[in-house]
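Structure file structure-v8.cif with mmCIF, C-alpha atoms:
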```
data_work
loop_
_atom_site.label_atom_id
_atom_site.label_comp_id
_atom_site.auth_asym_id
_atom_site.auth_seq_id
_atom_site.Cartn_x
_atom_site.Cartn_y
_atom_site.Cartn_z
CA MET A 1 -8.62 5.66 29.43
CA ARG A 2 -8.95 3.28 26.50
CA ASP A 3 -8.09 -0.38 26.82
CA VAL A 4 -6.53 -1.01 23.45
CA ILE A 5 -5.34 0.85 20.38
CA ILE A 6 -4.73 -1.20 17.24
CA ILE A 7 -2.36 0.31 14.69
CA GLY A 8 -2.86 -0.99 11.17
CA SER A 9 -5.79 -2.01 8.96
CA GLY A 10 -4.86 -5.28 7.29
CA PRO A 11 -6.10 -8.77 8.19
CA ALA A 12 -4.14 -8.85 11.48
CA ALA A 13 -5.51 -5.49 12.65
CA TRP A 14 -9.17 -6.16 11.76
CA THR A 15 -9.08 -9.64 13.28
CA ALA A 16 -7.54 -8.23 16.47
CA ALA A 17 -10.34 -5.63 16.42
CA ILE A 18 -13.07 -8.27 16.03
CA TYR A 19 -11.74 -10.26 18.98
CA THR A 20 -11.04 -7.33 21.32
CA ALA A 21 -14.38 -5.72 20.44
CA ARG A 22 -16.20 -8.96 21.27
CA ALA A 23 -14.31 -8.94 24.59
CA ASN A 24 -15.89 -5.52 25.27
CA LEU A 25 -12.54 -3.76 25.10
CA LYS A 26 -13.91 -1.12 22.68
CA PRO A 27 -10.82 -1.05 20.46
CA VAL A 28 -9.85 1.95 18.39
CA VAL A 29 -8.19 1.13 15.08
CA VAL A 30 -5.71 3.63 13.66
CA ALA A 31 -6.36 2.62 10.07
CA SER A 32 -4.21 5.18 8.22
CA GLN A 33 -5.46 7.83 5.85
CA VAL A 34 -4.66 6.49 2.40
CA GLU A 35 -3.59 2.90 2.99
CA VAL A 36 -6.69 1.50 4.67
CA GLY A 37 -6.89 -2.25 4.14
CA GLY A 38 -3.18 -2.72 3.62
CA GLU A 39 -1.50 -4.85 1.02
CA LEU A 40 -4.59 -6.77 -0.09
CA MET A 41 -6.10 -3.56 -1.43
CA ASN A 42 -3.78 -3.78 -4.40
CA THR A 43 -4.47 -7.40 -5.23
CA THR A 44 -7.23 -8.80 -7.38
CA GLU A 45 -8.62 -12.25 -6.74
CA VAL A 46 -7.71 -13.97 -3.47
CA GLU A 47 -8.15 -17.70 -4.01
CA ASN A 48 -6.61 -19.13 -0.85
CA PHE A 49 -8.61 -17.51 1.95
CA PRO A 50 -10.77 -20.27 3.45
CA GLY A 51 -14.51 -19.74 3.25
CA PHE A 52 -14.52 -18.26 -0.24
CA PRO A 53 -14.67 -21.20 -2.68
CA GLU A 54 -15.37 -18.82 -5.58
CA GLY A 55 -12.49 -16.55 -4.56
CA VAL A 56 -12.87 -13.03 -3.25
CA MET A 57 -11.42 -9.71 -4.42
CA GLY A 58 -8.74 -8.43 -2.04
CA PRO A 59 -10.45 -5.06 -1.43
CA ASP A 60 -13.82 -6.80 -0.84
CA LEU A 61 -12.28 -9.13 1.71
CA MET A 62 -10.80 -6.20 3.58
CA ALA A 63 -14.08 -4.26 3.49
CA LYS A 64 -15.87 -7.29 4.95
CA MET A 65 -13.29 -7.65 7.73
CA GLN A 66 -13.70 -3.97 8.61
CA GLN A 67 -17.50 -4.26 8.59
CA GLN A 68 -17.28 -7.22 10.92
CA ALA A 69 -15.03 -5.28 13.30
CA GLU A 70 -17.33 -2.24 13.22
CA LYS A 71 -20.37 -4.38 13.86
CA PHE A 72 -18.95 -5.13 17.32
CA ASP A 73 -18.23 -1.56 18.33
CA THR A 74 -14.80 -0.88 16.92
CA GLU A 75 -13.91 2.76 16.52
CA VAL A 76 -11.97 3.54 13.33
CA VAL A 77 -9.67 6.54 13.00
CA TYR A 78 -8.57 7.37 9.46
CA ASP A 79 -5.21 8.82 10.32
CA ASP A 80 -1.61 7.66 10.58
CA ALA A 81 0.37 7.08 13.73
CA THR A 82 3.40 9.35 13.59
CA GLU A 83 4.91 8.75 17.01
CA LEU A 84 4.59 6.27 19.85
CA ASP A 85 5.34 6.63 23.53
CA LEU A 86 5.49 3.11 24.95
CA SER A 87 7.61 3.80 28.04
CA GLY A 88 4.91 4.18 30.68
CA GLU A 89 1.96 2.10 31.74
CA VAL A 90 -0.18 4.42 29.63
CA LYS A 91 0.77 4.07 25.97
CA LYS A 92 0.49 7.14 23.76
CA VAL A 93 -0.05 7.28 20.00
CA THR A 94 0.40 10.59 18.23
CA LEU A 95 -1.58 10.96 14.99
CA GLY A 96 -0.88 12.97 11.84
CA SER A 97 -3.54 15.46 12.96
CA GLY A 98 -1.57 16.09 16.15
CA ASP A 99 -4.16 14.35 18.33
CA VAL A 100 -2.83 11.93 20.92
CA LEU A 101 -4.62 8.68 21.76
CA GLU A 102 -3.94 6.93 25.05
CA ALA A 103 -4.57 3.34 26.07
CA ARG A 104 -3.41 0.68 28.47
CA SER A 105 -2.31 -1.58 25.63
CA ILE A 106 -1.32 -1.42 21.99
CA ILE A 107 -1.53 -3.97 19.20
CA PHE A 108 0.97 -3.08 16.52
CA ALA A 109 -0.02 -4.49 13.11
CA THR A 110 1.51 -2.14 10.57
CA GLY A 111 2.37 -4.84 8.04
CA SER A 112 5.11 -4.36 5.53
CA ALA A 113 6.17 -2.02 2.74
CA TYR A 114 7.31 -2.81 -0.79
CA ARG A 115 10.97 -3.60 -1.10
CA LYS A 116 12.90 -1.56 -3.62
CA LEU A 117 15.48 -2.87 -6.06
CA GLY A 118 18.03 -0.47 -4.65
CA ILE A 119 19.50 0.63 -7.97
CA ALA A 120 20.27 4.07 -9.35
CA ARG A 121 17.36 6.25 -10.55
CA GLU A 122 14.70 3.97 -9.10
CA ASP A 123 13.00 6.75 -7.11
CA GLU A 124 13.29 9.26 -9.92
CA LEU A 125 11.60 6.92 -12.41
CA SER A 126 8.91 5.71 -9.99
CA GLY A 127 5.64 6.78 -11.53
CA HIS A 128 7.41 7.39 -14.83
CA GLY A 129 7.46 3.80 -16.01
CA ILE A 130 8.24 2.11 -12.71
CA SER A 131 5.16 0.93 -10.89
CA TRP A 132 4.42 -0.75 -7.57
CA CYS A 133 0.76 -1.49 -8.28
CA ALA A 134 -0.21 -3.64 -11.26
CA THR A 135 -3.94 -3.25 -10.69
CA CYS A 136 -3.58 0.55 -10.70
CA ASP A 137 -1.22 0.99 -13.59
CA GLY A 138 -1.59 -1.99 -15.97
CA PHE A 139 -4.07 0.07 -18.01
CA PHE A 140 -1.32 2.45 -19.15
CA PHE A 141 0.69 -0.33 -20.79
CA ARG A 142 -1.76 -1.53 -23.41
CA GLU A 143 0.08 -3.27 -26.26
CA LYS A 144 3.41 -2.38 -24.66
CA GLU A 145 6.30 -4.51 -23.52
CA ILE A 146 6.97 -4.57 -19.81
CA VAL A 147 9.08 -6.24 -17.15
CA VAL A 148 7.96 -7.78 -13.88
CA VAL A 149 10.67 -8.53 -11.30
CA GLY A 150 10.23 -11.16 -8.62
CA GLY A 151 9.71 -14.84 -7.95
CA GLY A 152 6.90 -15.06 -5.41
CA ASP A 153 3.13 -15.29 -5.69
CA SER A 154 2.80 -11.52 -6.07
CA ALA A 155 5.15 -11.46 -9.04
CA MET A 156 3.29 -14.38 -10.68
CA GLU A 157 -0.08 -12.71 -10.12
CA GLU A 158 1.14 -9.39 -11.50
CA ALA A 159 2.75 -10.99 -14.54
CA ASN A 160 -0.43 -12.88 -15.39
CA PHE A 161 -2.67 -9.90 -14.70
CA LEU A 162 -0.54 -7.59 -16.83
CA THR A 163 -0.82 -9.84 -19.90
CA LYS A 164 -4.39 -8.54 -20.12
CA PHE A 165 -2.86 -5.25 -21.23
CA ALA A 166 0.74 -5.72 -22.30
CA SER A 167 1.83 -7.28 -25.59
CA LYS A 168 4.62 -9.08 -23.77
CA VAL A 169 5.71 -9.52 -20.16
CA HIS A 170 9.32 -10.31 -19.27
CA LEU A 171 9.43 -11.97 -15.86
CA VAL A 172 12.86 -11.41 -14.35
CA HIS A 173 14.02 -13.51 -11.42
CA ARG A 174 17.47 -13.72 -9.87
CA ARG A 175 17.35 -17.48 -9.18
CA ASP A 176 16.70 -20.52 -11.36
CA GLU A 177 13.40 -21.36 -9.70
CA PHE A 178 10.43 -19.47 -8.28
CA ARG A 179 9.35 -19.62 -4.65
CA ALA A 180 5.72 -18.98 -5.70
CA SER A 181 3.06 -21.63 -5.17
CA LYS A 182 2.98 -24.31 -7.88
CA ILE A 183 -0.44 -23.29 -9.20
CA MET A 184 0.71 -19.69 -9.70
CA GLN A 185 3.93 -20.82 -11.39
CA GLN A 186 2.01 -23.09 -13.77
CA ARG A 187 -0.18 -20.18 -14.86
CA VAL A 188 2.95 -18.25 -15.75
CA PHE A 189 4.48 -21.16 -17.69
CA ASP A 190 1.18 -21.66 -19.55
CA ASN A 191 0.93 -18.01 -20.54
CA ASP A 192 2.31 -17.40 -24.06
CA LYS A 193 2.78 -13.70 -23.42
CA ILE A 194 5.22 -14.23 -20.54
CA GLN A 195 8.92 -14.84 -21.09
CA VAL A 196 10.85 -15.89 -17.99
CA HIS A 197 14.44 -14.68 -17.56
CA TRP A 198 16.08 -16.96 -14.97
CA ASN A 199 19.20 -15.99 -13.02
CA SER A 200 18.68 -12.38 -14.01
CA GLU A 201 18.55 -9.08 -12.23
CA ILE A 202 18.06 -5.52 -13.33
CA VAL A 203 21.37 -3.67 -13.17
CA GLU A 204 20.47 -0.45 -14.96
CA LEU A 205 17.43 1.68 -15.72
CA GLN A 206 17.38 3.59 -19.00
CA GLY A 207 15.44 6.62 -20.18
CA ALA A 208 15.56 10.36 -19.68
CA SER A 209 12.25 11.57 -18.28
CA GLY A 210 10.55 8.17 -18.43
CA LEU A 211 11.68 4.57 -18.45
CA THR A 212 12.54 3.29 -21.94
CA GLY A 213 14.57 0.19 -21.13
CA VAL A 214 16.46 -1.89 -18.62
CA VAL A 215 19.77 -3.73 -18.63
CA LEU A 216 19.58 -7.27 -17.32
CA GLY A 217 22.62 -8.86 -15.71
CA ASP A 218 23.02 -12.63 -15.56
CA THR A 219 23.60 -13.53 -11.90
CA VAL A 220 25.75 -16.51 -12.90
CA THR A 221 27.78 -15.40 -15.94
CA GLY A 222 27.60 -11.64 -15.44
CA GLU A 223 26.55 -11.26 -19.07
CA LYS A 224 24.46 -8.20 -19.85
CA GLN A 225 21.42 -7.80 -22.06
CA GLU A 226 19.41 -4.70 -22.96
CA LEU A 227 15.63 -4.83 -23.09
CA ALA A 228 13.65 -1.99 -24.62
CA ILE A 229 10.50 -1.79 -22.48
CA ASP A 230 7.98 0.82 -21.35
CA GLY A 231 7.10 -0.38 -17.90
CA LEU A 232 8.69 -2.05 -14.90
CA PHE A 233 6.65 -3.60 -12.11
CA ILE A 234 8.60 -4.45 -8.97
CA ALA A 235 7.32 -7.33 -6.82
CA ILE A 236 10.42 -8.57 -5.01
CA GLY A 237 8.92 -8.76 -1.56
CA ASN A 238 8.30 -6.59 1.44
CA ASP A 239 10.04 -5.32 4.52
CA PRO A 240 8.33 -5.09 7.90
CA ARG A 241 7.17 -1.58 8.69
CA THR A 242 8.91 -0.92 11.99
CA HIS A 243 10.15 2.68 11.71
CA LEU A 244 7.81 3.80 14.51
CA VAL A 245 9.27 1.35 17.02
CA HIS A 246 13.01 1.46 16.34
CA ASP A 247 14.77 1.79 19.70
CA LYS A 248 11.44 1.15 21.44
CA LEU A 249 10.86 -2.54 20.79
CA ASP A 250 13.36 -5.35 20.26
CA LEU A 251 13.63 -6.49 16.65
CA THR A 252 14.79 -9.80 15.20
CA GLU A 253 17.72 -10.28 12.83
CA GLU A 254 15.23 -10.33 9.98
CA GLY A 255 14.00 -6.89 11.02
CA THR A 256 10.61 -8.02 12.29
CA ILE A 257 9.38 -7.18 15.78
CA ALA A 258 10.62 -9.76 18.28
CA VAL A 259 7.86 -11.57 20.17
CA GLN A 260 8.07 -14.11 22.99
CA GLY A 261 7.60 -17.67 21.79
CA ARG A 262 4.31 -18.27 20.04
CA SER A 263 2.76 -15.22 21.71
CA SER A 264 2.43 -11.66 20.41
CA ARG A 265 4.17 -10.16 23.46
CA THR A 266 6.92 -7.73 22.49
CA SER A 267 9.83 -6.61 24.66
CA VAL A 268 7.57 -3.97 26.27
CA PRO A 269 4.70 -5.09 28.55
CA GLY A 270 1.32 -4.08 27.16
CA VAL A 271 2.59 -3.82 23.60
CA PHE A 272 1.65 -6.66 21.28
CA ALA A 273 2.51 -7.19 17.63
CA ALA A 274 0.74 -9.15 14.90
CA GLY A 275 0.74 -9.84 11.18
CA ASP A 276 3.49 -9.28 8.65
CA VAL A 277 5.38 -7.00 11.04
CA VAL A 278 6.27 -10.07 13.14
CA ASP A 279 6.37 -12.65 10.35
CA PRO A 280 9.38 -12.92 8.05
CA THR A 281 8.27 -16.30 6.71
CA TYR A 282 4.63 -16.99 5.89
CA ARG A 283 3.07 -13.60 5.21
CA GLN A 284 -0.40 -14.75 4.16
CA ALA A 285 -3.74 -13.05 4.82
CA ILE A 286 -4.85 -16.03 6.87
CA THR A 287 -1.66 -16.24 8.96
CA ALA A 288 -1.86 -12.51 9.61
CA ALA A 289 -5.49 -12.90 10.70
CA ALA A 290 -4.54 -15.74 13.03
CA SER A 291 -1.74 -13.65 14.43
CA GLY A 292 -4.25 -10.85 15.08
CA THR A 293 -6.31 -13.27 17.14
CA VAL A 294 -3.26 -14.19 19.22
CA ALA A 295 -2.54 -10.52 19.88
CA ALA A 296 -6.14 -9.81 20.86
CA LEU A 297 -6.19 -12.70 23.33
CA ASP A 298 -2.80 -11.73 24.74
CA ALA A 299 -3.94 -8.12 25.18
CA GLU A 300 -7.15 -9.24 26.86
CA HIS A 301 -5.17 -11.45 29.21
CA TYR A 302 -2.76 -8.61 30.00
CA LEU A 303 -5.59 -6.19 30.78
CA THR A 304 -7.35 -8.71 32.98
CA ALA A 305 -4.13 -9.22 34.94
CA LEU A 306 -3.73 -5.44 35.33
CA ASP A 307 -7.29 -5.19 36.63
CA ASP A 308 -6.63 -7.97 39.14
CA VAL A 309 -3.52 -6.28 40.49
CA GLU A 310 -4.71 -2.71 40.27
CA PRO A 311 -8.48 -2.60 40.56
CA ALA A 312 -8.30 0.99 41.75
CA LEU A 313 -6.44 2.18 38.67
CA ALA A 314 -8.78 0.32 36.36
CA ALA A 315 -11.81 1.85 38.01
CA ALA A 316 -10.34 5.35 37.91
CA MET B 1 -16.55 22.51 -1.75
CA ALA B 2 -15.35 19.15 -3.06
CA ALA B 3 -13.08 18.67 -6.05
CA GLN B 4 -14.89 19.15 -9.37
CA VAL B 5 -14.78 16.94 -12.43
CA THR B 6 -12.99 17.88 -15.63
CA THR B 7 -12.94 16.10 -19.00
CA SER B 8 -11.14 16.33 -22.33
CA ALA B 9 -13.91 18.67 -23.49
CA THR B 10 -13.57 21.13 -20.62
CA PHE B 11 -9.89 20.69 -19.74
CA GLU B 12 -8.69 23.79 -21.59
CA GLU B 13 -11.16 26.03 -19.85
CA ASP B 14 -11.03 24.32 -16.43
CA VAL B 15 -7.28 23.93 -16.25
CA LEU B 16 -5.10 25.47 -18.95
CA LYS B 17 -6.84 28.86 -19.04
CA ALA B 18 -7.56 29.08 -15.34
CA ASP B 19 -6.30 32.11 -13.46
CA GLY B 20 -4.81 30.45 -10.41
CA PRO B 21 -3.10 27.07 -9.86
CA VAL B 22 -5.17 23.98 -10.64
CA LEU B 23 -4.40 20.52 -9.29
CA VAL B 24 -5.55 17.78 -11.65
CA ASP B 25 -6.11 14.40 -9.98
CA PHE B 26 -5.64 11.71 -12.65
CA TRP B 27 -7.59 8.74 -11.29
CA ALA B 28 -9.62 5.65 -12.18
CA GLU B 29 -12.36 3.57 -10.60
CA TRP B 30 -10.23 0.41 -10.42
CA CYS B 31 -7.38 2.13 -8.58
CA GLY B 32 -7.71 1.61 -4.81
CA PRO B 33 -5.17 4.25 -3.76
CA CYS B 34 -7.00 6.77 -6.00
CA ARG B 35 -10.26 6.19 -4.16
CA MET B 36 -8.49 6.61 -0.83
CA VAL B 37 -6.78 9.86 -1.65
CA ALA B 38 -9.97 11.38 -3.13
CA PRO B 39 -11.53 12.47 0.20
CA VAL B 40 -8.17 13.89 1.29
CA LEU B 41 -8.09 16.06 -1.85
CA ASP B 42 -11.70 17.11 -1.18
CA GLN B 43 -10.63 18.24 2.28
CA ILE B 44 -7.64 20.17 0.95
CA GLN B 45 -9.92 21.82 -1.61
CA ALA B 46 -12.48 22.77 1.04
CA GLU B 47 -9.82 24.32 3.26
CA ASN B 48 -8.02 26.19 0.46
CA ALA B 49 -10.83 27.18 -1.90
CA ASP B 50 -9.33 30.64 -2.38
CA LYS B 51 -5.81 29.38 -3.14
CA ILE B 52 -6.06 26.37 -5.40
CA LYS B 53 -8.64 24.67 -7.59
CA ILE B 54 -8.70 20.86 -7.50
CA VAL B 55 -10.29 18.89 -10.35
CA LYS B 56 -10.60 15.16 -11.01
CA LEU B 57 -9.86 13.63 -14.40
CA ASN B 58 -10.92 10.04 -15.04
CA VAL B 59 -8.14 8.47 -17.15
CA ASP B 60 -10.43 5.66 -18.30
CA GLU B 61 -12.88 8.12 -19.83
CA ASN B 62 -10.22 10.61 -21.00
CA PRO B 63 -7.29 8.49 -22.22
CA ASP B 64 -6.14 11.24 -24.61
CA LEU B 65 -5.15 13.51 -21.72
CA ALA B 66 -3.60 10.65 -19.75
CA MET B 67 -1.44 9.95 -22.79
CA LYS B 68 -0.65 13.60 -23.44
CA TYR B 69 0.64 14.07 -19.90
CA GLN B 70 2.44 10.70 -19.96
CA ILE B 71 0.59 9.22 -17.03
CA THR B 72 1.83 5.71 -16.26
CA SER B 73 1.01 5.51 -12.58
CA ILE B 74 -2.02 6.70 -10.66
CA PRO B 75 -3.05 8.47 -8.59
CA ALA B 76 -1.01 11.20 -10.31
CA MET B 77 -1.60 14.76 -9.23
CA LYS B 78 -0.30 17.53 -11.44
CA VAL B 79 -0.50 21.18 -10.54
CA PHE B 80 -0.96 23.43 -13.58
CA SER B 81 -0.02 27.06 -13.41
CA GLY B 82 -0.45 29.30 -16.44
CA GLY B 83 -1.17 26.25 -18.59
CA GLU B 84 2.08 24.50 -17.67
CA VAL B 85 2.76 21.64 -15.28
CA ALA B 86 4.41 23.15 -12.21
CA THR B 87 4.46 20.15 -9.86
CA THR B 88 3.82 16.42 -10.13
CA ILE B 89 2.92 14.23 -7.17
CA ILE B 90 2.62 10.48 -7.63
CA GLY B 91 0.92 8.04 -5.30
CA ALA B 92 -1.61 8.40 -2.50
CA LYS B 93 -0.25 10.25 0.51
CA PRO B 94 -1.71 11.40 3.82
CA LYS B 95 -3.03 14.95 4.05
CA GLN B 96 -0.02 16.41 5.86
CA ALA B 97 2.37 15.00 3.25
CA LEU B 98 0.29 16.38 0.37
CA GLU B 99 0.07 19.77 2.05
CA GLN B 100 3.83 19.77 2.30
CA ASP B 101 4.20 18.92 -1.42
CA LEU B 102 1.72 21.67 -2.25
CA ALA B 103 3.11 24.22 0.22
CA GLU B 104 4.00 26.85 -2.41
CA PHE B 105 0.41 26.84 -3.70
CA LEU B 106 -1.31 26.80 -0.31
CA ALA B 107 0.74 29.57 1.29
#
```
Take the structure in the file and give it back as structure tokens.
Amino acid sequence: MRDVIIIGSGPAAWTAAIYTARANLKPVVVASQVEVGGELMNTTEVENFPGFPEGVMGPDLMAKMQQQAEKFDTEVVYDDATELDLSGEVKKVTLGSGDVLEARSIIFATGSAYRKLGIAREDELSGHGISWCATCDGFFFREKEIVVVGGGDSAMEEANFLTKFASKVHLVHRRDEFRASKIMQQRVFDNDKIQVHWNSEIVELQGASGLTGVVLGDTVTGEKQELAIDGLFIAIGNDPRTHLVHDKLDLTEEGTIAVQGRSSRTSVPGVFAAGDVVDPTYRQAITAAASGTVAALDAEHYLTALDDVEPALAAA
Amino acid sequence: MAAQVTTSATFEEDVLKADGPVLVDFWAEWCGPCRMVAPVLDQIQAENADKIKIVKLNVDENPDLAMKYQITSIPAMKVFSGGEVATTIIGAKPKQALEQDLAEFLA
């Protein structure tokens, strides 16, 4: 019987792995097959993670976290959890391969998934002009005009990054101010290639087999404006990835997993949650990492208590 | 057998004139999801060597083909059959999901 299974492979998951591994709990990390490293894998320079005064590339940071976890005897499984059984004292995780892992505790750190605009033809045109990954797809928009939607740090970073390729970047935001950090906003305002469209949202996507334009709607006046563009990058935020635990764990109104107080304890004993999946507010690499630490310590505490009460079961 | 490499120079022979279906993986070094789906495609190739051929095309080194096939998002996987695009898959997906998308070619 394993002690702990960690589901996820972002900062929360790897930090939880480092701590539980150092507590001799021999964690197994279900890291996913094609999304190892999580959201930071699609970012470029991370400038706000302490300890890296020169900045660090998102993918490098994640590789280092994984190395650190593996150094202390963390087992990594490159597969996706497809089903959870959390009802009994033994928790079961079914993988894409069909294998089932069992453990006395679970740390759930599945992060979040890109939020969609929710307008007609969005899925159909994804990959045909609509992109969710500026670092992957910026290359295809050399000397072209594109739109970035969003008002947070990710949108600012993408807009700036994409000016390396695009002739012009329209930054569309539905409010009259950004929620991004001031330094990121300033870089956008200082960039001649970026035009900001305040109080604007995309109301229509144009183009037959590929995106050729968008219609912007003014959120105040309702006025419409057509923009002929070749690419649309959507960075309007993320939603917690909780589909595996619906009806199994209590969720908050915001859709994150509900935890008790400042702990990582979910509504089910032995199941802990960490990172973006519990955090509707801060959503930083460093807060996710800290949250992973909390979950690791909570899990360790839980297992110790189980051992105290049921030494026979633990020894079996 | 892992996926082989194709280029603008060999594309016609490797892909368009091939007998059976050929999956072309449009990828680039700087694309994280591309690097992650690569071993999954190698696995699918190894397990289905008699049914489908899988080749990798670097869009950075072969921009002409990326433009010709209107690639704007990678990884993009296009299955060619008889010289025509029969299926397009966009984005990195786990093995089971890719196998489902490719079911008609792996049967």
*the PyMOL selection byres ((chain B) within 8 of (chain A)) on the file shown: which residues, as an MDAnalysis selection string?*
chainID B and resid 30:33 36:37 70:74 90:96
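Remark: residues at most 10 Å from position (18.7, -2.1, -18.7) in file coordinates are Glu201, Ile202, Val203, Glu204, Leu205, Gln206, Gly207, Leu211, Thr212, Gly213, Val214, Val215, Leu216, Gly217, Lys224, Gln225, Glu226, Leu227, Ala228 and Ile229 of chain A, using all atoms listed in the file.
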*Name the residues that the PyMOL selection byres ((chain A and resi 69) around 8) picks from the file above, as a ChimeraX atom specification, using the file's chain letters and numbers.*
/A:14-15,17-18,21,65-68,70-74
*range 154-170 of chain A environment, 7 Å, only C-alpha atoms, sequence neighbours closer than 4 positions dropped, as number ranges by chain*: A: 134, 138-139, 141-150, 184-185, 188, 193-197, 235
*What does the PyMOL selection byres ((chain B and resi 50) around 12) select in this file, as a PyMOL selection string?*
chain B and resi 1+19-22+44-49+51-54+105-107
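Our summary of the geometry notes that CA of Thr287 in chain A is positioned 7.2 Å from CA of Gly275 in chain A.
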*Tell me which protein, DNA and RNA residues are within 8 Å of Lys17 in chain B, counting only C-alpha atoms, leaving out same-chain ones fewer than 3 positions away, and put them as a list in words.*
Glu12, Glu13, Asp14, Gly82 and Gly83 of chain B
_Could you check which residues have any atom within 6 Å of (-10.6, 18.7, -21.8), counting only C-alpha atoms with coordinates taken straight from the file, and then list them as a list of chain:residue names?_
B:Thr7, B:Ser8, B:Ala9, B:Thr10, B:Phe11, B:Glu12
*Enter the distance from CA of Leu61 in chain A to CA of Thr44 in chain A, in Å, rounded to one decimal.*
10.4 Å
_Between CA of Lys91 in chain A and CA of Ile106 in chain A, what is the distance in Å, rounded to a tenth?_
7.1 Å
